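Trainee: Coordinates in model15.txt, compact mmCIF, C-alpha atoms, are listed below.
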```txt
# COMPACT_ATOMS: atom_id res chain seq x y z
CA MET A 1258 -21.90 108.19 60.22
CA ARG A 1259 -21.46 109.69 56.74
CA PRO A 1260 -24.97 111.25 56.67
CA PHE A 1261 -24.37 112.80 60.09
CA ILE A 1262 -21.05 114.35 59.05
CA GLY A 1263 -22.50 115.49 55.72
CA GLY A 1264 -25.50 117.01 57.49
CA VAL A 1265 -23.21 118.90 59.85
CA PHE A 1266 -21.20 120.23 56.88
CA VAL A 1267 -24.37 121.40 55.12
CA ALA A 1268 -25.69 123.03 58.29
CA VAL A 1269 -22.40 124.81 58.98
CA ILE A 1270 -22.05 126.06 55.40
CA VAL A 1271 -25.66 127.27 55.34
CA GLY A 1272 -25.09 129.00 58.69
CA LEU A 1273 -21.91 130.69 57.48
CA SER A 1274 -23.42 131.73 54.15
CA GLY A 1275 -26.43 133.27 55.83
CA THR A 1276 -28.87 131.99 53.19
CA THR A 1277 -30.99 128.94 52.53
CA LYS A 1278 -31.24 129.83 48.84
CA TYR A 1279 -29.21 126.82 47.72
CA ILE A 1280 -30.99 124.11 49.71
CA GLY A 1281 -34.46 122.87 48.92
CA LEU A 1282 -36.19 123.17 45.57
CA GLY A 1283 -35.26 126.77 44.75
CA ILE A 1284 -38.30 127.38 42.55
CA SER A 1285 -38.22 131.12 43.23
CA THR A 1286 -34.59 131.31 42.12
CA ILE A 1287 -35.41 129.39 38.93
CA VAL A 1288 -38.22 131.83 38.17
CA ASN A 1289 -36.03 134.84 39.02
CA SER A 1290 -33.34 133.63 36.61
CA PHE A 1291 -35.72 134.57 33.78
CA TYR A 1292 -36.46 138.08 35.08
CA THR A 1293 -33.45 139.51 36.87
CA GLN A 1294 -29.67 139.22 36.91
CA LEU A 1295 -28.65 136.81 39.66
CA PRO A 1296 -25.25 136.41 41.31
CA PRO A 1297 -23.11 134.52 38.80
CA TRP A 1298 -22.10 131.90 41.39
CA ASP A 1299 -25.65 130.65 42.06
CA PHE A 1300 -25.29 127.63 39.76
CA ALA A 1301 -21.98 126.60 41.37
CA ALA A 1302 -23.37 126.97 44.90
CA LYS A 1303 -26.41 124.81 44.10
CA PHE A 1304 -24.17 122.27 42.37
CA GLY A 1305 -21.91 122.13 45.43
CA PHE A 1306 -24.75 121.76 47.91
CA THR A 1307 -26.43 119.10 45.78
CA ALA A 1308 -23.18 117.14 45.39
CA LEU A 1309 -22.43 117.37 49.11
CA THR A 1310 -25.95 116.30 50.06
CA LEU A 1311 -26.07 113.34 47.69
CA GLY A 1312 -22.46 112.39 48.48
CA ALA A 1313 -23.32 112.30 52.18
CA GLY A 1314 -25.96 109.69 51.45
CA PHE A 1315 -29.11 111.80 51.57
CA LYS A 1316 -31.83 111.37 49.00
CA GLY A 1317 -32.29 114.38 46.81
CA GLY A 1318 -34.13 115.57 43.79
CA GLU A 1319 -32.97 114.66 40.33
CA VAL A 1320 -34.84 117.10 38.16
CA THR A 1321 -35.33 120.33 40.09
CA PRO A 1322 -31.66 120.78 41.04
CA LEU A 1323 -30.76 120.34 37.36
CA PHE A 1324 -33.32 122.97 36.38
CA PHE A 1325 -31.93 125.32 39.05
CA ILE A 1326 -28.32 124.78 37.98
CA GLY A 1327 -29.15 125.11 34.28
CA ALA A 1328 -31.32 128.23 34.57
CA THR A 1329 -28.86 130.02 36.85
CA LEU A 1330 -25.90 128.99 34.66
CA GLY A 1331 -27.70 130.44 31.66
CA ASN A 1332 -28.42 133.59 33.64
CA ALA A 1333 -24.74 133.87 34.57
CA LEU A 1334 -23.64 133.35 30.96
CA SER A 1335 -25.73 136.36 29.96
CA LEU A 1336 -22.92 138.44 31.49
CA LEU A 1337 -20.54 137.07 28.86
CA LEU A 1338 -22.70 136.36 25.83
CA ALA A 1339 -24.67 138.82 23.75
CA LEU A 1340 -27.94 136.93 24.11
CA PRO A 1341 -30.98 137.79 26.23
CA PRO A 1342 -30.82 136.43 29.82
CA PRO A 1343 -34.26 134.75 29.58
CA LEU A 1344 -33.19 132.86 26.44
CA LEU A 1345 -29.95 131.70 28.06
CA ALA A 1346 -31.78 130.74 31.26
CA GLY A 1347 -34.20 128.67 29.17
CA MET A 1348 -31.37 127.07 27.22
CA GLY A 1349 -29.62 126.17 30.46
CA PHE A 1350 -32.84 124.97 32.07
CA VAL A 1351 -33.44 122.28 29.43
CA GLY A 1352 -29.83 121.82 28.25
CA VAL A 1353 -28.44 120.68 31.59
CA PHE A 1354 -31.34 118.26 31.98
CA ALA A 1355 -30.84 116.93 28.43
CA GLY A 1356 -27.22 116.06 29.18
CA ALA A 1357 -27.87 114.57 32.60
CA ALA A 1358 -30.86 112.51 31.48
CA ASN A 1359 -29.59 111.67 27.96
CA THR A 1360 -32.82 113.01 26.49
CA PRO A 1361 -32.00 115.65 23.86
CA LEU A 1362 -35.17 115.24 21.81
CA ALA A 1363 -37.60 115.18 24.74
CA SER A 1364 -35.78 118.10 26.36
CA THR A 1365 -35.90 120.10 23.13
CA LEU A 1366 -39.65 119.53 22.86
CA MET A 1367 -40.11 120.43 26.52
CA GLY A 1368 -38.11 123.63 25.98
CA ILE A 1369 -40.17 124.61 22.96
CA GLU A 1370 -43.36 123.94 24.89
CA LEU A 1371 -42.17 125.99 27.89
CA PHE A 1372 -40.36 128.83 26.15
CA GLY A 1373 -41.92 129.06 22.70
CA LEU A 1374 -41.14 128.02 19.16
CA GLU A 1375 -39.04 131.14 18.49
CA SER A 1376 -36.41 129.81 20.92
CA GLY A 1377 -36.49 126.30 19.45
CA LEU A 1378 -33.28 126.45 17.44
CA PHE A 1379 -31.26 127.76 20.40
CA ILE A 1380 -32.83 125.23 22.74
CA SER A 1381 -32.16 122.33 20.38
CA ILE A 1382 -28.50 123.33 20.04
CA SER A 1383 -28.19 123.54 23.82
CA CYS A 1384 -29.79 120.12 24.31
CA VAL A 1385 -27.78 118.31 21.63
CA VAL A 1386 -24.44 119.80 22.68
CA SER A 1387 -25.12 118.98 26.33
CA TYR A 1388 -26.15 115.44 25.40
CA LEU A 1389 -22.97 114.87 23.38
CA PHE A 1390 -20.69 116.28 26.05
CA SER A 1391 -22.26 114.19 28.81
CA GLY A 1392 -20.68 111.04 27.43
CA HIS A 1393 -22.21 107.74 28.45
CA ASN A 1394 -23.22 109.00 31.86
CA GLY A 1395 -26.53 110.05 33.28
CA ILE A 1396 -28.78 110.28 36.29
CA TYR A 1397 -30.83 107.23 35.28
CA THR A 1398 -28.39 104.33 35.60
CA ALA A 1399 -30.91 101.75 34.33
CA GLN A 1400 -31.09 103.62 31.02
CA ARG A 1401 -29.91 101.51 28.11
CA ILE A 1402 -27.42 102.68 25.53
CA GLY A 1403 -28.80 102.13 22.04
CA LEU A 1404 -25.82 103.36 20.05
CA SER A 1405 -22.53 104.84 21.14
CA LYS A 1406 -22.37 108.62 20.96
CA TYR A 1407 -18.86 108.36 19.54
CA SER A 1408 -17.53 106.30 16.67
CA SER A 1409 -14.35 105.53 18.60
CA VAL A 1410 -16.26 103.95 21.51
CA HIS A 1411 -17.71 100.59 20.59
CA LEU A 1412 -20.40 99.40 22.96
CA LYS A 1413 -22.70 96.44 23.01
CA GLU A 1414 -26.26 97.55 22.25
CA GLY A 1415 -28.51 97.45 25.32
CA LEU A 1416 -25.73 98.03 27.84
CA THR A 1417 -27.03 100.03 30.82
CA LEU A 1418 -25.29 103.15 32.06
CA ALA A 1419 -24.57 101.36 35.35
CA THR A 1420 -22.93 98.43 33.54
CA TYR A 1421 -20.96 100.86 31.39
CA ARG A 1422 -19.65 102.62 34.52
CA GLN A 1423 -18.64 99.32 36.09
CA ALA A 1424 -16.77 98.28 32.95
CA LYS A 1425 -14.89 101.59 33.06
CA VAL A 1426 -14.62 101.82 29.31
CA GLU A 1427 -12.40 104.79 28.59
CA PRO A 1428 -13.25 106.57 25.36
CA LYS A 1429 -10.40 107.57 23.10
CA PHE A 1430 -11.35 110.70 21.25
CA ASP A 1431 -9.92 111.33 17.84
CA LEU A 1432 -11.99 114.11 16.31
CA SER A 1433 -10.18 114.00 12.97
CA ASN A 1434 -10.81 110.26 12.67
CA ASP A 1435 -14.49 110.75 13.61
CA ILE A 1436 -14.84 113.38 10.89
CA LYS A 1437 -13.14 111.14 8.30
CA GLU A 1438 -15.40 108.20 9.23
CA THR A 1439 -18.50 110.38 9.02
CA LYS A 1440 -17.47 111.69 5.58
CA SER A 1441 -16.71 108.20 4.26
CA ASN A 1442 -20.05 106.88 5.60
CA HIS A 1443 -21.93 109.66 3.83
CA GLN A 1444 -20.06 109.09 0.56
CA GLU A 1445 -20.96 105.39 0.43
```
Mind converting the file's structure to structure tokens?

Mentor:
Amino acid sequence: MRPFIGGVFVAVIVGLSGTTKYIGLGISTIVNSFYTQLPPWDFAAKFGFTALTLGAGFKGGEVTPLFFIGATLGNALSLLLALPPPLLAGMGFVGVFAGAANTPLASTLMGIELFGLESGLFISISCVVSYLFSGHNGIYTAQRIGLSKYSSVHLKEGLTLATYRQAKVEPKFDLSNDIKETKSNHQE
């Protein structure tokens, strides 16, 4: 019943919005995010449709929606930040994927390959920050946690993301303590 109701919701929203831009792959929108200013809500609309579709029980893409959301978010941020829209679209493209897939290094290399070495520093910052802010969550639940991203969260090595979610380990963030521990580790 859930897929039927979810499908009706998607159909009604698409009908009311008058566009199919936010369903399907959206490759043309991804490409356009590098060349023209898009409506700043494109990333949120795609996020909403993707969440509704997956939440209703439908199978959906993992990678392309993340690329769409990231590239259009970067494009939207170009309205606020004094950086070129294509650079921000590229940073978003790989940064959102890096956080969702817990792959900052691979995403950085992919970004440099796609967008050039001159954007490498910006892309690497985007990927690492996204990775750190994603916590111990990701789209690949069989992925194993090698080391905790945070010194205040102690995890058993090899724990999968799915097992971590089931355990509902709540991180306690203490930035000042993390900084002190990092300094003391470097001094030793």

Trainee: Give me the residues near A:Tyr1279 as a ChimeraX atom specification, where near means some atom within 12 Å (using only C-alpha atoms) and where sequence neighbours in that chain fewer than 2 positions away do not count.

Mentor: /A:1267-1268,1270-1272,1274-1277,1281-1287,1298-1310,1321-1322,1325-1326,1329

Trainee: Output the selection as a compact mmCIF listing (two decimals), in the coordinates of the input - C-alpha atoms for each residue.

Mentor:
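Final output, out_8.txt:
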```txt
# COMPACT_ATOMS: atom_id res chain seq x y z
CA VAL A 1267 -24.37 121.40 55.12
CA ALA A 1268 -25.69 123.03 58.29
CA ILE A 1270 -22.05 126.06 55.40
CA VAL A 1271 -25.66 127.27 55.34
CA GLY A 1272 -25.09 129.00 58.69
CA SER A 1274 -23.42 131.73 54.15
CA GLY A 1275 -26.43 133.27 55.83
CA THR A 1276 -28.87 131.99 53.19
CA THR A 1277 -30.99 128.94 52.53
CA GLY A 1281 -34.46 122.87 48.92
CA LEU A 1282 -36.19 123.17 45.57
CA GLY A 1283 -35.26 126.77 44.75
CA ILE A 1284 -38.30 127.38 42.55
CA SER A 1285 -38.22 131.12 43.23
CA THR A 1286 -34.59 131.31 42.12
CA ILE A 1287 -35.41 129.39 38.93
CA TRP A 1298 -22.10 131.90 41.39
CA ASP A 1299 -25.65 130.65 42.06
CA PHE A 1300 -25.29 127.63 39.76
CA ALA A 1301 -21.98 126.60 41.37
CA ALA A 1302 -23.37 126.97 44.90
CA LYS A 1303 -26.41 124.81 44.10
CA PHE A 1304 -24.17 122.27 42.37
CA GLY A 1305 -21.91 122.13 45.43
CA PHE A 1306 -24.75 121.76 47.91
CA THR A 1307 -26.43 119.10 45.78
CA ALA A 1308 -23.18 117.14 45.39
CA LEU A 1309 -22.43 117.37 49.11
CA THR A 1310 -25.95 116.30 50.06
CA THR A 1321 -35.33 120.33 40.09
CA PRO A 1322 -31.66 120.78 41.04
CA PHE A 1325 -31.93 125.32 39.05
CA ILE A 1326 -28.32 124.78 37.98
CA THR A 1329 -28.86 130.02 36.85
```

Trainee: Quick one, how far is atom CA of A:Asn1332 from atom CA of A:Ser1381?

Mentor: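 Value for the atom CA of A:Asn1332-atom CA of A:Ser1381 distance: 17.8 Å.
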
Trainee: Need to verify the contact set: stretch 1352-1367 of chain A, 12 Å, only C-alpha atoms, exclusion of same-chain residues closer than 2 positions in sequence. Can you return it as a VMD selection string?

Mentor: chain A and resid 1300 1304 1319 to 1331 1344 to 1350 1369 to 1374 1376 to 1403 1405 to 1406 1418

Trainee: Go ahead and compute the interatomic distance for atom CA of A:Arg1259 and atom CA of A:Gly1314, in Å to one decimal.

Mentor: 6.9 Å

Trainee: Quick one: of A:Ser1335, A:Thr1293, A:Gln1423, A:Thr1417, who's nearest to A:Leu1404, counting all atoms listed in the file?

Mentor: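 Comparing A:Ser1335, A:Thr1293, A:Gln1423, A:Thr1417 against A:Leu1404, the winner is A:Thr1417.
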
Trainee: Using atom CA of A:Val1351 and atom CA of A:Phe1291 as the two end points, give the distance in Å to one decimal.

Mentor: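 Answer for the atom CA of A:Val1351 to atom CA of A:Phe1291 separation: 13.2 Å.
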
Trainee: Just need the box for stretch 1387-1393 of chain A, edges along x, y and z, holding every atom the file lists for it with 6 Å tacked onto each side, so centre and edge lengths in Å to one decimal, as AutoDock Vina command-line options.

Mentor:
```
--center_x -23.4 --center_y 113.4 --center_z 26.1 --size_x 17.5 --size_y 23.2 --size_z 17.4
```

Trainee: Determine the nearest neighbour of A:Ile1262 from the options A:Ala1313, A:Ser1408, A:Ile1280, A:Gln1294, counting all atoms listed in the file.

Mentor: A:Ala1313

Trainee: Between A:Gly1312, A:Pro1343, A:Tyr1292, A:Pro1297, which has the minimum distance to A:Pro1260 (counting all atoms listed in the file)?

Mentor: A:Gly1312

Trainee: Write stretch 1313-1346 of chain A as an mmCIF file, in the coordinates of the input, completed to N, CA and C atoms.

Mentor:
```
data_model
loop_
_atom_site.group_PDB
_atom_site.id
_atom_site.type_symbol
_atom_site.label_atom_id
_atom_site.label_comp_id
_atom_site.auth_asym_id
_atom_site.auth_seq_id
_atom_site.Cartn_x
_atom_site.Cartn_y
_atom_site.Cartn_z
ATOM 1 N N ALA A 1313 -23.209 112.666 50.773
ATOM 2 C CA ALA A 1313 -23.320 112.300 52.180
ATOM 3 C C ALA A 1313 -24.323 111.171 52.392
ATOM 4 N N GLY A 1314 -25.037 110.807 51.342
ATOM 5 C CA GLY A 1314 -25.960 109.690 51.450
ATOM 6 C C GLY A 1314 -27.419 110.085 51.568
ATOM 7 N N PHE A 1315 -27.715 111.370 51.506
ATOM 8 C CA PHE A 1315 -29.110 111.800 51.570
ATOM 9 C C PHE A 1315 -29.764 111.605 50.210
ATOM 10 N N LYS A 1316 -31.060 111.421 50.237
ATOM 11 C CA LYS A 1316 -31.830 111.370 49.000
ATOM 12 C C LYS A 1316 -32.097 112.803 48.581
ATOM 13 N N GLY A 1317 -32.043 113.038 47.297
ATOM 14 C CA GLY A 1317 -32.290 114.380 46.810
ATOM 15 C C GLY A 1317 -33.023 114.344 45.500
ATOM 16 N N GLY A 1318 -33.434 115.482 45.058
ATOM 17 C CA GLY A 1318 -34.130 115.570 43.790
ATOM 18 C C GLY A 1318 -33.180 115.291 42.635
ATOM 19 N N GLU A 1319 -33.753 114.869 41.535
ATOM 20 C CA GLU A 1319 -32.970 114.660 40.330
ATOM 21 C C GLU A 1319 -33.222 115.779 39.334
ATOM 22 N N VAL A 1320 -34.458 116.182 39.216
ATOM 23 C CA VAL A 1320 -34.840 117.100 38.160
ATOM 24 C C VAL A 1320 -34.712 118.558 38.586
ATOM 25 N N THR A 1321 -35.308 118.922 39.701
ATOM 26 C CA THR A 1321 -35.330 120.330 40.090
ATOM 27 C C THR A 1321 -33.938 120.917 40.304
ATOM 28 N N PRO A 1322 -33.007 120.207 40.941
ATOM 29 C CA PRO A 1322 -31.660 120.780 41.040
ATOM 30 C C PRO A 1322 -31.021 121.028 39.669
ATOM 31 N N LEU A 1323 -31.289 120.141 38.712
ATOM 32 C CA LEU A 1323 -30.760 120.340 37.360
ATOM 33 C C LEU A 1323 -31.365 121.569 36.711
ATOM 34 N N PHE A 1324 -32.668 121.765 36.905
ATOM 35 C CA PHE A 1324 -33.320 122.970 36.380
ATOM 36 C C PHE A 1324 -32.735 124.218 37.015
ATOM 37 N N PHE A 1325 -32.513 124.186 38.326
ATOM 38 C CA PHE A 1325 -31.930 125.320 39.050
ATOM 39 C C PHE A 1325 -30.541 125.622 38.508
ATOM 40 N N ILE A 1326 -29.698 124.598 38.435
ATOM 41 C CA ILE A 1326 -28.320 124.780 37.980
ATOM 42 C C ILE A 1326 -28.301 125.292 36.536
ATOM 43 N N GLY A 1327 -29.118 124.704 35.677
ATOM 44 C CA GLY A 1327 -29.150 125.110 34.280
ATOM 45 C C GLY A 1327 -29.642 126.534 34.085
ATOM 46 N N ALA A 1328 -30.751 126.887 34.734
ATOM 47 C CA ALA A 1328 -31.320 128.230 34.570
ATOM 48 C C ALA A 1328 -30.378 129.298 35.129
ATOM 49 N N THR A 1329 -29.766 129.027 36.267
ATOM 50 C CA THR A 1329 -28.860 130.020 36.850
ATOM 51 C C THR A 1329 -27.532 130.081 36.093
ATOM 52 N N LEU A 1330 -27.097 128.957 35.516
ATOM 53 C CA LEU A 1330 -25.900 128.990 34.660
ATOM 54 C C LEU A 1330 -26.173 129.831 33.425
ATOM 55 N N GLY A 1331 -27.322 129.621 32.805
ATOM 56 C CA GLY A 1331 -27.700 130.440 31.660
ATOM 57 C C GLY A 1331 -27.766 131.912 32.013
ATOM 58 N N ASN A 1332 -28.338 132.210 33.168
ATOM 59 C CA ASN A 1332 -28.420 133.590 33.640
ATOM 60 C C ASN A 1332 -27.025 134.177 33.809
ATOM 61 N N ALA A 1333 -26.113 133.400 34.375
ATOM 62 C CA ALA A 1333 -24.740 133.870 34.570
ATOM 63 C C ALA A 1333 -24.024 134.087 33.246
ATOM 64 N N LEU A 1334 -24.278 133.213 32.269
ATOM 65 C CA LEU A 1334 -23.640 133.350 30.960
ATOM 66 C C LEU A 1334 -24.107 134.592 30.210
ATOM 67 N N SER A 1335 -25.246 135.135 30.610
ATOM 68 C CA SER A 1335 -25.730 136.360 29.960
ATOM 69 C C SER A 1335 -24.797 137.542 30.238
ATOM 70 N N LEU A 1336 -23.933 137.405 31.226
ATOM 71 C CA LEU A 1336 -22.920 138.440 31.490
ATOM 72 C C LEU A 1336 -21.803 138.396 30.459
ATOM 73 N N LEU A 1337 -21.634 137.255 29.819
ATOM 74 C CA LEU A 1337 -20.540 137.070 28.860
ATOM 75 C C LEU A 1337 -20.996 137.004 27.409
ATOM 76 N N LEU A 1338 -22.215 136.561 27.186
ATOM 77 C CA LEU A 1338 -22.700 136.360 25.830
ATOM 78 C C LEU A 1338 -23.734 137.420 25.457
ATOM 79 N N ALA A 1339 -23.750 137.781 24.218
ATOM 80 C CA ALA A 1339 -24.670 138.820 23.750
ATOM 81 C C ALA A 1339 -26.019 138.222 23.362
ATOM 82 N N LEU A 1340 -26.613 137.506 24.297
ATOM 83 C CA LEU A 1340 -27.940 136.930 24.110
ATOM 84 C C LEU A 1340 -28.803 137.329 25.309
ATOM 85 N N PRO A 1341 -30.098 137.386 25.133
ATOM 86 C CA PRO A 1341 -30.980 137.790 26.230
ATOM 87 C C PRO A 1341 -30.919 136.807 27.408
ATOM 88 N N PRO A 1342 -30.863 137.315 28.637
ATOM 89 C CA PRO A 1342 -30.820 136.430 29.820
ATOM 90 C C PRO A 1342 -31.962 135.412 29.875
ATOM 91 N N PRO A 1343 -33.211 135.778 29.533
ATOM 92 C CA PRO A 1343 -34.260 134.750 29.580
ATOM 93 C C PRO A 1343 -34.026 133.599 28.596
ATOM 94 N N LEU A 1344 -33.485 133.915 27.421
ATOM 95 C CA LEU A 1344 -33.190 132.860 26.440
ATOM 96 C C LEU A 1344 -32.100 131.939 26.986
ATOM 97 N N LEU A 1345 -31.040 132.517 27.523
ATOM 98 C CA LEU A 1345 -29.950 131.700 28.060
ATOM 99 C C LEU A 1345 -30.405 130.893 29.279
ATOM 100 N N ALA A 1346 -31.244 131.476 30.110
ATOM 101 C CA ALA A 1346 -31.780 130.740 31.260
ATOM 102 C C ALA A 1346 -32.607 129.552 30.768
#
```
